[in-house]
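A short write-up of the structure that comes next.
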Amino acid sequence: MIEKGKNEFESQESRPILENDSVNQESGSSKKGTTHSDDDGHDHGAAIGEEDPGWKSHWKLLLGIVILFMMLTLEFGFEYIPQFPINLAIFAIAYILTGGNVLYMAYRKAIRFDFFNEFFLMSVATIGAFAIGSYSEGVAVMAFYSIGEWFQDAAVNRAKRSIKALLDIRPDEVTVLRNGEGVVVNPKEVLLNEVIRVKPGEKVALDGTIVSEKGAFNTAALTGESKPDTKIKGEAIYAGMINLNTVVDIEVTSLFQDSKLSKILEMVQDATSRKSQTQLFISRFAKIYTPIVFFLALAVCLVPYFFADPYIFNVWFYRALVFLVISCPCALVVSIPLGYFGGIGLASRNGILFKGSNFLDVMTGINVVVMDKTGTLTEGVFKVQEVVSKDIEEPYLLKLTAAIESQSTHPIGLAILEHAGKDNVKGVSVAAVEEISGHGLKGVIDGREVLAGNTKLMKKFNIAYPAEIDSIVYTIVVVAVDNKYAGHITIADKIKEDAAQAIKDLHALDIQTVMLSGDKQSVVDEVAGQLGMDNAYGDLLPEGKVEKVQALKDQGRHIAFVGDGVNDAPVVALADAGIAMGGLGSDATIETADIVIQNDQPSKIVTAIKIGKITKQIVWQNIILAMVVKIIVLGLGAGGIATLWEAVIADVGVALLAILNAVRIQRIKF
């Protein structure tokens, strides 16, 4: 980073050591893309979407190191070195090459009376080394510091690449069918209800529904799953999927900016700017830590004047310089955000979107996971099992129920509509439809008032129904016509394949599991029993779910709530960590949630918790490593045991160790 030119130091984002310096406005520099500075104020790496220019941008640093190496070879290999002032001139050239930009930034800070930053610390330490004749050590400190920054830069770029890879899955062009011909246009120019054509191997550019008979798609970019997903006519297709083998036509249902993929990219990019509590702590710590060590270094130089006999200024000044070098907080302020970058990247590769690094920390403290049933633990794909009518023809009952349920997007309603057949309800006049949250639907069909919903709906309107309905395990839609019970429809949902294993894994992590559902208690108990959940509550309205979660929070529990329906949005917002099932989930819930699981698999809840724990563990390993090494070398420097060589090697070494430790996150596989 040091040799990328002064603009690389001119990030507009805040630093933990110094306040916003607005250098970009002063220099007139500009960048493409969205730049995410890390906590040390460096713009490590290119902005997301840009490529790292590589070693060619570091040629000054490399040349300076070559000059330093040649001079050291002469001094130690041949016991010869040019005499003053020639040696000073050569070392000065190497010094400017390796640290010119550091000096420039130190100057820019100093003229704004900002002295407590790493640029100023390094400049004072190295210029001080030159002042007492330790030319080679001064250049070496700057060179090693710059090398460390280069490695930090590369590591952050690597962490960002998993996020940048998401940008690469958004196609730049799409073939749209207009007037019977395929026209290649930018996806932003495609209108709603237009039909786009996707060839084998191409990426889908926009959300829509498949109008071809069927097609196979790779959904890994959205869900983290490499297993092909076969879609049939009428099913939803999302931008980012890859068509595998046949030409497919898709009717567009969302504009480019409203597609799921665009929202995912926005979520992930925003995530890098939301700092965790640990990052915020380090930011505050660095603002206090840096001036303290600066004045301690000054004390190391001056205080011995009153105690040491004889007092030799150069000796104590040198020790103060060592103190300054080792006090640089790079290892902390680079490796910590790097660890969180890695955690967010690892999660995104597994189909889990964290909307901020702070939620990685939150997941480590979760001890209760509360889940909705339909669409979260079950597939939300319902099938009609039985139609029971009373005082009305069964086909007519089914027709009435399907007609009113056609006004809803609930999976149960869609199952009834599918069973009845869409053609069977064409031409049926449905008026005054009212959706009663947590109960069902009310409307007027052919002049008759129709109620379709759960037993709570019947009780609300004082409609008597057979008592045996309450004992039926399946989900039931009870229908009333003109305020009289007319029959009921039983519907079954299938438990997700990995749901039972997810509950087992949560219990292994000593996490309590609770199910909250608007479905009747007998159905909820049946599903909870099959999964082995700790507690299950049915017959809940949306406000009932909120009350249950609030009661758990009042007990001091740290709660993650997992849901997918629009009625789950309030409780998702209330939980410590709101998790949305993003594949089948409603946009309202996804927008409210802190974490989005793209493939709807309950097992990803466990993965999210594990990623949070791994990230926090590595971050704290780095904090402890950096602080222990610095305290030891600070003591050695003040005691005159450590030299500038040991100081810079310890500083850069611990930073590199911390970086390598943080990079481990990106190699983990689940």
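Chains: A, B, ... in order of the structure tokens. Residues: from 1 per chain. Ligands: from 1, in order shown.
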
Gly201 of chain A: which residues within 7 Å, counting only C-alpha atoms, same-chain residues fewer than 4 positions away excluded, as a PyMOL selection string?
chain A and resi 242-244

I'd like a table as a tab-separated table: residues in segment 353-457 of chain A with an atom no more than 8 Å from segment 470-494 of chain A, each row giving the shortest atom pair and its distance in Å to one decimal, only C-alpha atoms counted, sorted by chain and rising residue number.
```
residue	atom	partner	partner_atom	distance
A:Thr374	CA	A:Asp493	CA	7.9
A:Thr378	CA	A:Lys494	CA	5.5
A:Glu379	CA	A:Lys494	CA	5.7
A:Gly380	CA	A:Asp493	CA	6.2
A:Val381	CA	A:Asp493	CA	6.0
A:Phe382	CA	A:Asp493	CA	4.7
A:Lys383	CA	A:Ile491	CA	5.5
A:Val384	CA	A:Ile491	CA	4.5
A:Gln385	CA	A:Ile491	CA	5.3
A:Glu386	CA	A:Thr490	CA	5.2
A:Val387	CA	A:Ile489	CA	4.6
A:Val388	CA	A:Gly487	CA	5.3
A:Ser389	CA	A:Gly487	CA	4.1
A:Lys390	CA	A:Ala486	CA	5.1
A:Asp391	CA	A:Ala486	CA	6.6
A:Ile392	CA	A:Ala486	CA	6.6
A:Leu397	CA	A:Ala486	CA	7.4
A:Thr401	CA	A:Val479	CA	7.1
A:Ile412	CA	A:Ile491	CA	7.5
A:Arg448	CA	A:Asp482	CA	6.0
A:Glu449	CA	A:Asp482	CA	5.0
A:Val450	CA	A:Val481	CA	4.7
A:Leu451	CA	A:Ala480	CA	5.0
A:Ala452	CA	A:Val479	CA	4.5
A:Gly453	CA	A:Val477	CA	5.0
A:Asn454	CA	A:Val477	CA	5.5
A:Thr455	CA	A:Val478	CA	6.6
```

Residues of the last selection are to be written out with C-alpha atoms, as a PDB file, in the first residue's frame.
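Output contents, as saved in selection.pdb:
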```pdb
ATOM      1  CA  THR A 374     -43.987 -23.128   7.740  1.00  0.00           C
ATOM      2  CA  THR A 378     -41.069 -27.304   6.731  1.00  0.00           C
ATOM      3  CA  GLU A 379     -40.808 -26.870   2.986  1.00  0.00           C
ATOM      4  CA  GLY A 380     -43.882 -24.682   2.721  1.00  0.00           C
ATOM      5  CA  VAL A 381     -44.997 -26.809  -0.215  1.00  0.00           C
ATOM      6  CA  PHE A 382     -48.469 -27.948   0.756  1.00  0.00           C
ATOM      7  CA  LYS A 383     -50.617 -30.682  -0.761  1.00  0.00           C
ATOM      8  CA  VAL A 384     -54.358 -31.092  -0.247  1.00  0.00           C
ATOM      9  CA  GLN A 385     -55.071 -34.370   1.543  1.00  0.00           C
ATOM     10  CA  GLU A 386     -58.837 -34.352   1.952  1.00  0.00           C
ATOM     11  CA  VAL A 387     -61.877 -32.183   1.166  1.00  0.00           C
ATOM     12  CA  VAL A 388     -64.861 -32.591   3.543  1.00  0.00           C
ATOM     13  CA  SER A 389     -68.127 -30.768   2.804  1.00  0.00           C
ATOM     14  CA  LYS A 390     -71.419 -30.347   4.684  1.00  0.00           C
ATOM     15  CA  ASP A 391     -74.719 -29.254   3.152  1.00  0.00           C
ATOM     16  CA  ILE A 392     -72.857 -28.178   0.021  1.00  0.00           C
ATOM     17  CA  LEU A 397     -66.889 -25.920  -1.739  1.00  0.00           C
ATOM     18  CA  THR A 401     -62.330 -21.835  -1.249  1.00  0.00           C
ATOM     19  CA  ILE A 412     -51.667 -22.974   1.920  1.00  0.00           C
ATOM     20  CA  ARG A 448     -72.458 -15.141  -0.575  1.00  0.00           C
ATOM     21  CA  GLU A 449     -70.160 -14.304   2.364  1.00  0.00           C
ATOM     22  CA  VAL A 450     -67.283 -16.784   2.539  1.00  0.00           C
ATOM     23  CA  LEU A 451     -64.828 -17.308   5.391  1.00  0.00           C
ATOM     24  CA  ALA A 452     -61.745 -19.499   4.900  1.00  0.00           C
ATOM     25  CA  GLY A 453     -59.094 -19.901   7.566  1.00  0.00           C
ATOM     26  CA  ASN A 454     -58.239 -21.594  10.832  1.00  0.00           C
ATOM     27  CA  THR A 455     -60.507 -22.387  13.757  1.00  0.00           C
TER      28      THR A 455
END
```

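The protein and nucleic acid residues lying at most 8 Å from segment 88-104 of chain A are Ile2, Glu3, Gly5, Lys6, Lys60, Leu61, Leu62, Leu63, Gly64, Ile65, Ile67, Leu68, Phe119, Phe120, Met122, Ser123, Tyr135, Ser136, Gly138, Val139, Met142, Ala143 and Ser146 of chain A, with only C-alpha atoms considered and sequence neighbours fewer than 5 positions away removed.
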
Please write the residues from the selection above to a file, keeping N, CA and C atoms, as a short mmCIF file (atom, residue, chain, number, x, y, z; two decimals), in the first residue's frame.
```cif
data_model
loop_
_atom_site.label_atom_id
_atom_site.label_comp_id
_atom_site.auth_asym_id
_atom_site.auth_seq_id
_atom_site.Cartn_x
_atom_site.Cartn_y
_atom_site.Cartn_z
N ILE A 2 2.01 1.17 0.64
CA ILE A 2 2.82 2.36 0.81
C ILE A 2 3.16 3.00 -0.52
N GLU A 3 3.45 2.18 -1.55
CA GLU A 3 3.93 2.74 -2.79
C GLU A 3 2.85 2.87 -3.85
N GLY A 5 1.08 5.33 -4.29
CA GLY A 5 0.88 6.74 -4.56
C GLY A 5 0.08 7.36 -3.43
N LYS A 6 0.17 8.68 -3.37
CA LYS A 6 -0.42 9.33 -2.21
C LYS A 6 -1.93 9.14 -2.12
N LYS A 60 9.25 1.40 -6.31
CA LYS A 60 10.08 2.29 -5.49
C LYS A 60 10.53 1.58 -4.22
N LEU A 61 9.59 0.90 -3.59
CA LEU A 61 9.92 0.15 -2.38
C LEU A 61 10.97 -0.92 -2.69
N LEU A 62 10.78 -1.66 -3.76
CA LEU A 62 11.73 -2.71 -4.12
C LEU A 62 13.11 -2.15 -4.42
N LEU A 63 13.16 -1.01 -5.13
CA LEU A 63 14.46 -0.38 -5.43
C LEU A 63 15.13 0.09 -4.15
N GLY A 64 14.37 0.68 -3.24
CA GLY A 64 14.93 1.13 -1.97
C GLY A 64 15.50 -0.02 -1.17
N ILE A 65 14.81 -1.19 -1.19
CA ILE A 65 15.30 -2.37 -0.47
C ILE A 65 16.59 -2.89 -1.10
N ILE A 67 18.86 -1.10 -2.65
CA ILE A 67 19.95 -0.18 -2.23
C ILE A 67 20.36 -0.47 -0.79
N LEU A 68 19.37 -0.67 0.09
CA LEU A 68 19.68 -0.99 1.49
C LEU A 68 20.47 -2.28 1.58
N PHE A 119 1.76 7.13 10.82
CA PHE A 119 2.65 7.80 9.87
C PHE A 119 3.62 8.71 10.61
N PHE A 120 3.09 9.46 11.58
CA PHE A 120 3.94 10.37 12.33
C PHE A 120 4.89 9.59 13.24
N MET A 122 6.17 6.57 12.75
CA MET A 122 7.24 5.99 11.94
C MET A 122 8.20 7.07 11.43
N SER A 123 7.67 8.22 11.07
CA SER A 123 8.52 9.30 10.57
C SER A 123 9.45 9.81 11.66
N TYR A 135 21.85 5.21 10.16
CA TYR A 135 21.19 5.33 8.86
C TYR A 135 20.55 4.02 8.39
N SER A 136 21.31 2.94 8.47
CA SER A 136 20.80 1.66 7.96
C SER A 136 19.56 1.22 8.75
N GLY A 138 17.40 3.19 10.28
CA GLY A 138 16.30 4.07 9.89
C GLY A 138 15.64 3.61 8.60
N VAL A 139 16.47 3.28 7.60
CA VAL A 139 15.92 2.80 6.32
C VAL A 139 15.25 1.45 6.52
N MET A 142 11.74 1.73 7.98
CA MET A 142 10.76 2.17 6.99
C MET A 142 10.49 1.07 5.96
N ALA A 143 11.54 0.35 5.55
CA ALA A 143 11.38 -0.70 4.54
C ALA A 143 10.51 -1.84 5.08
N SER A 146 6.93 -0.79 5.36
CA SER A 146 6.29 -0.76 4.05
C SER A 146 6.00 -2.16 3.53
#
```

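Using only C-alpha atoms, the contacts of Lys426 of chain A at a cut-off of 12 Å, with sequence neighbours closer than 3 positions omitted, comprise Lys399, Leu400, Ala402, Ala403, Ile404, Ser406, Leu417, Ala420, Gly421, Lys422, Asp423, Ser429 and Val430 of chain A.
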
Could those selected residues go to a file with N, CA and C atoms, as a short mmCIF file (atom, residue, chain, number, x, y, z; two decimals), in the first residue's frame?
```cif
data_model
loop_
_atom_site.label_atom_id
_atom_site.label_comp_id
_atom_site.auth_asym_id
_atom_site.auth_seq_id
_atom_site.Cartn_x
_atom_site.Cartn_y
_atom_site.Cartn_z
N LYS A 399 -64.37 -24.91 -5.10
CA LYS A 399 -64.35 -23.75 -6.00
C LYS A 399 -64.41 -22.44 -5.21
N LEU A 400 -65.29 -22.37 -4.23
CA LEU A 400 -65.39 -21.18 -3.40
C LEU A 400 -64.09 -20.91 -2.64
N ALA A 402 -61.03 -22.05 -3.30
CA ALA A 402 -59.93 -21.71 -4.21
C ALA A 402 -60.07 -20.28 -4.71
N ALA A 403 -61.30 -19.84 -4.95
CA ALA A 403 -61.53 -18.48 -5.46
C ALA A 403 -61.07 -17.43 -4.46
N ILE A 404 -61.42 -17.62 -3.19
CA ILE A 404 -61.02 -16.62 -2.19
C ILE A 404 -59.53 -16.73 -1.86
N SER A 406 -57.30 -17.45 -3.94
CA SER A 406 -56.55 -16.88 -5.06
C SER A 406 -56.16 -15.43 -4.80
N LEU A 417 -55.49 -23.71 -4.46
CA LEU A 417 -55.71 -23.23 -5.82
C LEU A 417 -55.16 -24.23 -6.84
N ALA A 420 -57.51 -27.28 -6.93
CA ALA A 420 -58.78 -27.00 -7.60
C ALA A 420 -58.59 -26.76 -9.09
N GLY A 421 -57.45 -26.24 -9.47
CA GLY A 421 -57.19 -25.89 -10.86
C GLY A 421 -57.54 -24.44 -11.11
N LYS A 422 -56.60 -23.70 -11.66
CA LYS A 422 -56.82 -22.27 -11.89
C LYS A 422 -57.98 -22.03 -12.84
N ASP A 423 -58.17 -22.92 -13.80
CA ASP A 423 -59.26 -22.74 -14.77
C ASP A 423 -60.62 -22.85 -14.10
N SER A 429 -66.49 -14.19 -9.46
CA SER A 429 -66.40 -12.83 -8.93
C SER A 429 -66.13 -12.86 -7.43
N VAL A 430 -64.98 -12.34 -7.03
CA VAL A 430 -64.59 -12.28 -5.62
C VAL A 430 -64.51 -10.81 -5.22
#
```

Compile the contact shell of segment 541-553 of chain A as a short mmCIF file (atom, residue, chain, number, x, y, z; two decimals) with N, CA, C and O atoms, in the first residue's frame: residues with an atom at most 10 Å away, counting only C-alpha atoms, same-chain residues fewer than 5 positions apart removed.
```cif
data_model
loop_
_atom_site.label_atom_id
_atom_site.label_comp_id
_atom_site.auth_asym_id
_atom_site.auth_seq_id
_atom_site.Cartn_x
_atom_site.Cartn_y
_atom_site.Cartn_z
N VAL A 368 -30.66 -19.25 22.55
CA VAL A 368 -32.00 -19.74 22.19
C VAL A 368 -32.25 -19.41 20.72
O VAL A 368 -32.10 -18.26 20.31
N VAL A 370 -35.25 -19.41 18.11
CA VAL A 370 -36.70 -19.51 17.97
C VAL A 370 -37.02 -19.56 16.48
O VAL A 370 -36.49 -18.75 15.70
N ASP A 372 -39.95 -20.16 13.21
CA ASP A 372 -41.28 -20.34 12.64
C ASP A 372 -41.36 -21.77 12.09
O ASP A 372 -40.33 -22.42 11.91
N SER A 437 -55.24 -10.98 9.80
CA SER A 437 -53.92 -11.50 10.15
C SER A 437 -54.00 -12.59 11.22
O SER A 437 -54.62 -12.40 12.27
N GLY A 438 -53.38 -13.74 10.92
CA GLY A 438 -53.35 -14.84 11.86
C GLY A 438 -54.63 -15.65 11.90
O GLY A 438 -54.74 -16.60 12.68
N HIS A 439 -55.60 -15.30 11.07
CA HIS A 439 -56.88 -16.01 11.07
C HIS A 439 -57.20 -16.61 9.71
O HIS A 439 -57.43 -17.80 9.59
N LYS A 456 -59.57 -20.32 14.66
CA LYS A 456 -59.68 -19.02 15.34
C LYS A 456 -60.61 -18.09 14.56
O LYS A 456 -61.30 -17.25 15.15
N VAL A 514 -36.92 -23.44 20.08
CA VAL A 514 -38.33 -23.15 20.33
C VAL A 514 -39.02 -22.93 18.99
O VAL A 514 -38.47 -22.26 18.10
N MET A 515 -40.22 -23.50 18.82
CA MET A 515 -41.01 -23.27 17.61
C MET A 515 -42.21 -22.40 17.95
O MET A 515 -42.93 -22.66 18.91
N LEU A 516 -42.44 -21.37 17.14
CA LEU A 516 -43.61 -20.53 17.26
C LEU A 516 -44.35 -20.57 15.93
O LEU A 516 -43.75 -20.37 14.88
N SER A 517 -45.67 -20.81 15.97
CA SER A 517 -46.41 -20.94 14.72
C SER A 517 -47.85 -20.48 14.89
O SER A 517 -48.42 -20.55 15.99
N GLY A 518 -48.39 -20.00 13.79
CA GLY A 518 -49.81 -19.65 13.78
C GLY A 518 -50.68 -20.85 13.54
O GLY A 518 -51.91 -20.77 13.65
N ASP A 519 -50.06 -22.00 13.22
CA ASP A 519 -50.82 -23.23 12.98
C ASP A 519 -51.35 -23.77 14.31
O ASP A 519 -50.87 -23.38 15.39
N HIS A 558 -30.39 -14.73 25.02
CA HIS A 558 -29.96 -14.11 23.77
C HIS A 558 -30.57 -14.91 22.62
O HIS A 558 -30.27 -16.09 22.46
N ILE A 559 -31.39 -14.25 21.84
CA ILE A 559 -32.29 -14.96 20.94
C ILE A 559 -32.00 -14.67 19.47
O ILE A 559 -31.79 -13.52 19.07
N ALA A 560 -32.02 -15.75 18.68
CA ALA A 560 -32.06 -15.63 17.22
C ALA A 560 -33.42 -16.14 16.78
O ALA A 560 -33.85 -17.21 17.19
N PHE A 561 -34.12 -15.34 15.99
CA PHE A 561 -35.42 -15.78 15.46
C PHE A 561 -35.28 -16.02 13.97
O PHE A 561 -34.75 -15.18 13.24
N VAL A 566 -44.16 -12.60 5.94
CA VAL A 566 -44.24 -11.16 6.21
C VAL A 566 -44.70 -10.91 7.64
O VAL A 566 -44.32 -9.91 8.27
N ASN A 567 -45.52 -11.84 8.21
CA ASN A 567 -45.97 -11.66 9.59
C ASN A 567 -44.86 -11.95 10.59
O ASN A 567 -45.03 -11.75 11.79
N ASP A 568 -43.71 -12.45 10.12
CA ASP A 568 -42.56 -12.68 11.01
C ASP A 568 -41.68 -11.44 11.16
O ASP A 568 -40.80 -11.42 12.02
N ALA A 569 -41.89 -10.43 10.33
CA ALA A 569 -41.02 -9.25 10.34
C ALA A 569 -40.93 -8.58 11.72
O ALA A 569 -39.84 -8.22 12.16
N PRO A 570 -42.06 -8.40 12.47
CA PRO A 570 -41.95 -7.74 13.78
C PRO A 570 -41.07 -8.52 14.77
O PRO A 570 -40.26 -7.93 15.49
N VAL A 571 -41.21 -9.85 14.80
CA VAL A 571 -40.44 -10.64 15.76
C VAL A 571 -38.99 -10.78 15.30
O VAL A 571 -38.07 -10.88 16.12
N VAL A 572 -38.76 -10.77 13.99
CA VAL A 572 -37.39 -10.76 13.46
C VAL A 572 -36.66 -9.50 13.93
O VAL A 572 -35.49 -9.54 14.32
N ALA A 573 -37.37 -8.38 13.90
CA ALA A 573 -36.77 -7.11 14.33
C ALA A 573 -36.52 -7.09 15.84
O ALA A 573 -35.56 -6.47 16.31
N LEU A 574 -37.35 -7.79 16.61
CA LEU A 574 -37.22 -7.80 18.07
C LEU A 574 -36.05 -8.65 18.56
O LEU A 574 -35.40 -8.32 19.55
N ALA A 575 -35.76 -9.74 17.87
CA ALA A 575 -34.72 -10.68 18.31
C ALA A 575 -33.34 -10.04 18.27
O ALA A 575 -33.10 -9.07 17.56
N ASP A 576 -32.41 -10.60 19.05
CA ASP A 576 -31.02 -10.13 19.03
C ASP A 576 -30.42 -10.33 17.64
O ASP A 576 -29.65 -9.50 17.16
#
```

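Remark: for Ala580 of chain A, the closest of the candidate residues A:Asp498, A:Asp525, A:Asp600, A:Glu468 is A:Asp600 (distances computed over only C-alpha atoms).
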
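Summary of the local environment: counting only C-alpha atoms, residues at most 8 Å from Thr175 of chain A, other than itself and those fewer than 5 positions away along its chain, are Gly182, Val183, Val184, Val185, Ile196, Arg197 and Val198 of chain A.
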
Any chance you can output those residues with C-alpha atoms as a PDB file, in the first residue's frame?
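Final output, result.pdb:
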```pdb
ATOM      1  CA  GLY A 182     -33.722 -11.538 -29.904  1.00  0.00           C
ATOM      2  CA  VAL A 183     -32.223  -8.133 -29.087  1.00  0.00           C
ATOM      3  CA  VAL A 184     -29.119  -7.836 -26.889  1.00  0.00           C
ATOM      4  CA  VAL A 185     -29.513  -4.978 -24.384  1.00  0.00           C
ATOM      5  CA  ILE A 196     -35.673 -12.794 -22.014  1.00  0.00           C
ATOM      6  CA  ARG A 197     -33.889 -15.760 -23.555  1.00  0.00           C
ATOM      7  CA  VAL A 198     -31.066 -17.502 -21.687  1.00  0.00           C
TER       8      VAL A 198
END
```

Contact residues around Tyr340 of chain A with only C-alpha atoms at 8 Å, ignoring same-chain residues under 6 positions, as a ChimeraX atom specification
/A:357,360,615,619

Selected residues written out, N, CA and C atoms, as an mmCIF file, in the first residue's frame:
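Generated file (result13.cif):
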```
data_model
loop_
_atom_site.group_PDB
_atom_site.id
_atom_site.type_symbol
_atom_site.label_atom_id
_atom_site.label_comp_id
_atom_site.auth_asym_id
_atom_site.auth_seq_id
_atom_site.Cartn_x
_atom_site.Cartn_y
_atom_site.Cartn_z
ATOM 1 N N SER A 357 -20.567 -6.977 10.282
ATOM 2 C CA SER A 357 -19.685 -7.813 11.089
ATOM 3 C C SER A 357 -20.139 -7.862 12.545
ATOM 4 N N LEU A 360 -21.854 -11.052 13.326
ATOM 5 C CA LEU A 360 -20.984 -12.212 13.564
ATOM 6 C C LEU A 360 -20.754 -12.372 15.062
ATOM 7 N N THR A 615 -14.769 -16.718 13.791
ATOM 8 C CA THR A 615 -14.281 -15.355 13.528
ATOM 9 C C THR A 615 -13.870 -14.660 14.815
ATOM 10 N N VAL A 619 -10.076 -13.421 15.916
ATOM 11 C CA VAL A 619 -9.868 -11.998 16.202
ATOM 12 C C VAL A 619 -9.229 -11.819 17.578
#
```

Counting only C-alpha atoms, the residue of A:Ile503, A:Ile469, A:Phe359, A:Pro228 that sits nearest Val523 of chain A
A:Ile469

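Among the candidates A:Tyr537, A:Tyr107, A:Phe144, A:Phe130, the residue lying nearest to Val652 of chain A is A:Phe144 (atoms considered: only C-alpha atoms).
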
Run DSSP on the backbone and give me the residues of segment 306-548 of chain A it puts in strand (DSSP E or B), as a ChimeraX atom specification.
/A:352-354,368-371,378,383-389,430-436,440-445,448-453,475-481,484-492,495,512-516,535-537

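Remark: for Ser212 of chain A, the closest of the candidate residues A:Ile250, A:Leu657, A:Val300, A:Val66 is A:Ile250 (distances computed over only C-alpha atoms).
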